[in-house]
Amino acid sequence: MIYDLIRDEIKGFKNYEVPTIECMYKMDANETPFGLPEATMNNLQEIVKSANVNRYPDPVSLKLRDKLAEYCGTTRENIFVGNGSDEIIHILMNAFVSKNDCVVYPVPSFSMYKVYSQIAGAKNVEVALKDDYSYNVDEIINTINIFNPKMVILCNPNNPTGTTLDRDDIVKILKVNDGITVVDEAYYEFYGDTVVDLIGKFERLIVLRTLSKAYGLAGLRVGYAVSNSDVISCLNMVKSPYNVNSISQAIALSVLEEGRVDEKVDYIKNERKFLQDGLKEIGNLKVYDSKANFLLIEFDDAYYVYNKLLEKGVLVRNFLGDKILSNALRVTIGTREANSYFLKCLKEILV
Ligand code: PMP
C-alpha cells in the first residue's frame with residue numbers, strides 16, 4: 001500500500017477541507033466582503049502587463065517588500081513575503097524546527113500551527129486558553145520553563161476566539177523564551193495593536209501578517225513576516241524559488257498603493273457591534289468578545305444551528321469533532337445585509 005511509504009509524522013493526516021457549498025452569504029472563512037479598490041480594478045490590464053507573466057516572478061518580491069516595509073515602519077530587510085501566511089508558517093518550521101523539537105501554541109487556535117509542526121516531527125505542547133478563552137500567560141511561561149521550546153506561537157487576536165494578548169504579556173513571554181516567538185497578527189488591522197516595533201529589541205521575534213483579511217486579497221495568497229534581517233535570511237534559505245506569483249505581487253502592490261483600509265475596517269468593526277447587539281437581543285447565547293472580523297458563538301446544539309443556517313443560505317464555520325469547540329460556530333462579519341439576514345435566520349432557528 002502506498003500509505004505504508006508515507007512519513008510516520010503524517011500517517012493518519014486528513015486533507016485540509018473547506019466546504020464548497022453554494023450559499024447566499026459566505027460567512028465562514030474570515031474573508032472581507034469587499035472587492036478590489038476601484039482604481040486597481042480600472043487598472044487591471046496595466047497591472048497584468050507589468051507582471052510580465054512570460055518571465056518568472058521576482059523571487060524576493062522586492063517592490064512589494066518595500067511597500068510592506070513602509071506600511072510596517074521597517075525596512076525591506078525586515079520583510080519576507082510568502083504564498084499566504086500559511087506558507088510562512090510552513091517555512092518557519094522548515095527553517096527552525098527539527099524532529100522532536102518542542103513547539104508550543106495555544107488551543108483552541110488556528111489549526112495550521114499543529115499541522116505544520118506535526119509535519120516537522122516536532123513535539124507539540126498545547127497550552128489551553130482559560131474558560132473565557134483569554135490567554136493563560138502564566139501557564140505559557142511555565143510551559144516554556146519546563147520544555148525550553150524551539151518555537152512558541154501566539155495568535156493575536158486569536159482565531160477562532162477573537163480574544164487578545166496584551167503587549168506586556170507578549171514581552172513577558174519574549175523575555176523567558178530562548179527559542180523563536182511567532183506572533184501571528186493575521187487580524188491586526190481589526191485590533192490595532194501590534195508588536196512589530198519590538199523586532200529590533202527581541203531578535204527571535206517574528207510577526208506574521210497577511211493581506212488575506214483586512215486587505216481582502218485571500219484569493220491572491222499574500223502573507224508576510226516581519227523580523228530582523230538574520231531571521232529573514234534564514235527563511236530565504238528554505239523557501240521555494242518563486243513562491244509568490246507575479247500577478248499577486250503586482251495586484252498586492254497596487255492595492256497597498258491605494259492606501260490604508262481604515263474605512264473598510266471601521267465598517268467591519270461597526271458591523272461587529274451590530275451583530276453583537278443583535279445576538280444579545282436574541283438572548284441566552286454565549287458570544288465571546290472579539291477584536292477580529294468574526295465572532296465565536298456557543299449554542300446548545302451547534303451542528304443543528306449550522307445545518308439550519310445552511311438551509312437558509314448562510315455558511316458559517318463549524319468545529320464538529322473538536323474537543324473544545326464542538327458546540328460553537330464562528331461567523332465572519334459581513335455586510336449589513338448579510339449580518340441582518342444572519343440574525344433574522346438565527347431568531348427563526350432558535351424560537
Ligand atoms: N493565521 C491565522 C490566525 C489565520 O486565521 C489565517 C487564515 N485563516 C492564516 C494565518 C492564514 O492566512 P493566509 O494564508 O491567507 O495568509
# chains A, B, ... in the order shown; residues from 1 in each chain; ligands from 1
call {"tool": "residues_near_ligand", "arguments": {"ligand": "ligand 1", "cutoff": "10 Å", "atoms": "only C-alpha atoms and all ligand atoms", "output": "PDB file with C-alpha atoms, in the first residue's frame"}}
result
ATOM      1  CA  ASP A  28     -17.163  31.012   7.202  1.00  0.00           C
ATOM      2  CA  ALA A  29     -13.573  31.917   6.327  1.00  0.00           C
ATOM      3  CA  ASN A  30     -12.872  35.357   7.833  1.00  0.00           C
ATOM      4  CA  GLU A  31     -12.659  36.965   4.427  1.00  0.00           C
ATOM      5  CA  GLY A  82       5.016  34.216   1.305  1.00  0.00           C
ATOM      6  CA  ASN A  83       2.245  32.464  -0.574  1.00  0.00           C
ATOM      7  CA  GLY A  84      -0.171  33.338   2.205  1.00  0.00           C
ATOM      8  CA  SER A  85       0.938  33.314   5.821  1.00  0.00           C
ATOM      9  CA  ASP A  86       0.085  29.599   5.772  1.00  0.00           C
ATOM     10  CA  GLU A  87       3.163  29.062   3.644  1.00  0.00           C
ATOM     11  CA  ILE A  88       5.254  31.173   6.000  1.00  0.00           C
ATOM     12  CA  ILE A  89       4.259  29.019   8.989  1.00  0.00           C
ATOM     13  CA  SER A 109      -6.315  28.397  17.892  1.00  0.00           C
ATOM     14  CA  PHE A 110      -5.501  28.393  14.191  1.00  0.00           C
ATOM     15  CA  SER A 111      -5.330  24.748  13.115  1.00  0.00           C
ATOM     16  CA  MET A 112      -2.277  25.026  10.861  1.00  0.00           C
ATOM     17  CA  TYR A 113       0.158  25.506  13.752  1.00  0.00           C
ATOM     18  CA  LEU A 154       0.890  33.192  19.774  1.00  0.00           C
ATOM     19  CA  CYS A 155      -2.129  34.248  17.750  1.00  0.00           C
ATOM     20  CA  ASN A 156      -3.214  37.819  18.418  1.00  0.00           C
ATOM     21  CA  PRO A 157      -6.164  38.283  18.062  1.00  0.00           C
ATOM     22  CA  ASN A 158      -6.681  34.571  18.353  1.00  0.00           C
ATOM     23  CA  ASN A 159      -8.583  32.685  15.665  1.00  0.00           C
ATOM     24  CA  PRO A 160     -11.297  31.391  16.300  1.00  0.00           C
ATOM     25  CA  GLY A 162     -11.171  36.688  18.792  1.00  0.00           C
ATOM     26  CA  VAL A 183       3.154  36.407  16.961  1.00  0.00           C
ATOM     27  CA  ASP A 184       0.513  35.795  14.304  1.00  0.00           C
ATOM     28  CA  GLU A 185      -1.182  39.136  13.645  1.00  0.00           C
ATOM     29  CA  ALA A 186      -3.394  37.995  10.763  1.00  0.00           C
ATOM     30  CA  TYR A 187      -6.229  40.160  12.137  1.00  0.00           C
ATOM     31  CA  TYR A 188      -4.011  43.091  13.162  1.00  0.00           C
ATOM     32  CA  LEU A 208       3.183  37.211  10.874  1.00  0.00           C
ATOM     33  CA  ARG A 209       0.734  39.268   8.853  1.00  0.00           C
ATOM     34  CA  THR A 210      -1.459  38.678   5.824  1.00  0.00           C
ATOM     35  CA  LEU A 211      -3.230  40.602   3.062  1.00  0.00           C
ATOM     36  CA  SER A 212      -5.988  37.952   3.111  1.00  0.00           C
ATOM     37  CA  LYS A 213      -8.103  39.560   5.822  1.00  0.00           C
ATOM     38  CA  GLY A 216      -9.305  41.445   1.117  1.00  0.00           C
ATOM     39  CA  LEU A 217      -6.787  39.538  -1.026  1.00  0.00           C
ATOM     40  CA  ALA A 218      -7.361  35.984   0.260  1.00  0.00           C
ATOM     41  CA  GLY A 219      -7.512  34.639  -3.300  1.00  0.00           C
ATOM     42  CA  LEU A 220      -4.126  36.082  -4.215  1.00  0.00           C
ATOM     43  CA  ARG A 221      -2.261  34.351  -1.361  1.00  0.00           C
ATOM     44  CA  VAL A 222      -0.002  37.037   0.026  1.00  0.00           C
ATOM     45  CA  GLY A 223       1.257  36.884   3.593  1.00  0.00           C
ATOM     46  CA  TYR A 224       4.360  38.399   5.138  1.00  0.00           C
ATOM     47  CA  ALA A 292     -11.190  40.465  14.884  1.00  0.00           C
TER      48      ALA A 292
END
call {"tool": "residues_around", "arguments": {"residues": "region 315-326 of chain A", "least_positions_apart": "3", "cutoff": "8 Å", "atoms": "only C-alpha atoms", "output": "list in words"}}
result
Ile21, Cys23, Tyr25, Lys26, Met27, Asp28, Ala29, Pro108, Ala302, Tyr303, Tyr306, Leu309, Leu310, Leu329, Arg330, Val331 and Thr332 of chain A
call {"tool": "residues_around", "arguments": {"residues": "Pro33 (chain A)", "least_positions_apart": "2", "cutoff": "7 Å", "atoms": "only C-alpha atoms", "output": "list in words"}}
result
Glu31, Gly35, Gly334 and Thr335 of chain A
call {"tool": "residues_around", "arguments": {"residues": "region 114-119 of chain A", "least_positions_apart": "5", "cutoff": "7 Å", "atoms": "only C-alpha atoms", "output": "PyMOL selection string"}}
result
chain A and resi 9-10+90+93+103+124
call {"tool": "residues_around", "arguments": {"residues": "Ser134 (chain A)", "least_positions_apart": "5", "cutoff": "8 Å", "atoms": "only C-alpha atoms", "output": "PDB file with N, CA and C atoms, in the first residue's frame"}}
result
ATOM      1  N   LEU A 129      -6.354  27.795  26.399  1.00  0.00           N
ATOM      2  CA  LEU A 129      -6.822  29.116  26.815  1.00  0.00           C
ATOM      3  C   LEU A 129      -7.668  28.910  28.073  1.00  0.00           C
ATOM      4  N   THR A 163     -10.099  36.567  20.963  1.00  0.00           N
ATOM      5  CA  THR A 163      -9.513  37.128  22.188  1.00  0.00           C
ATOM      6  C   THR A 163      -8.065  37.557  21.945  1.00  0.00           C
ATOM      7  N   THR A 164      -7.560  38.418  22.827  1.00  0.00           N
ATOM      8  CA  THR A 164      -6.251  39.034  22.565  1.00  0.00           C
ATOM      9  C   THR A 164      -5.279  38.859  23.730  1.00  0.00           C
ATOM     10  N   LEU A 165      -4.058  39.169  23.420  1.00  0.00           N
ATOM     11  CA  LEU A 165      -2.975  39.070  24.392  1.00  0.00           C
ATOM     12  C   LEU A 165      -2.385  40.467  24.520  1.00  0.00           C
TER      13      LEU A 165
END
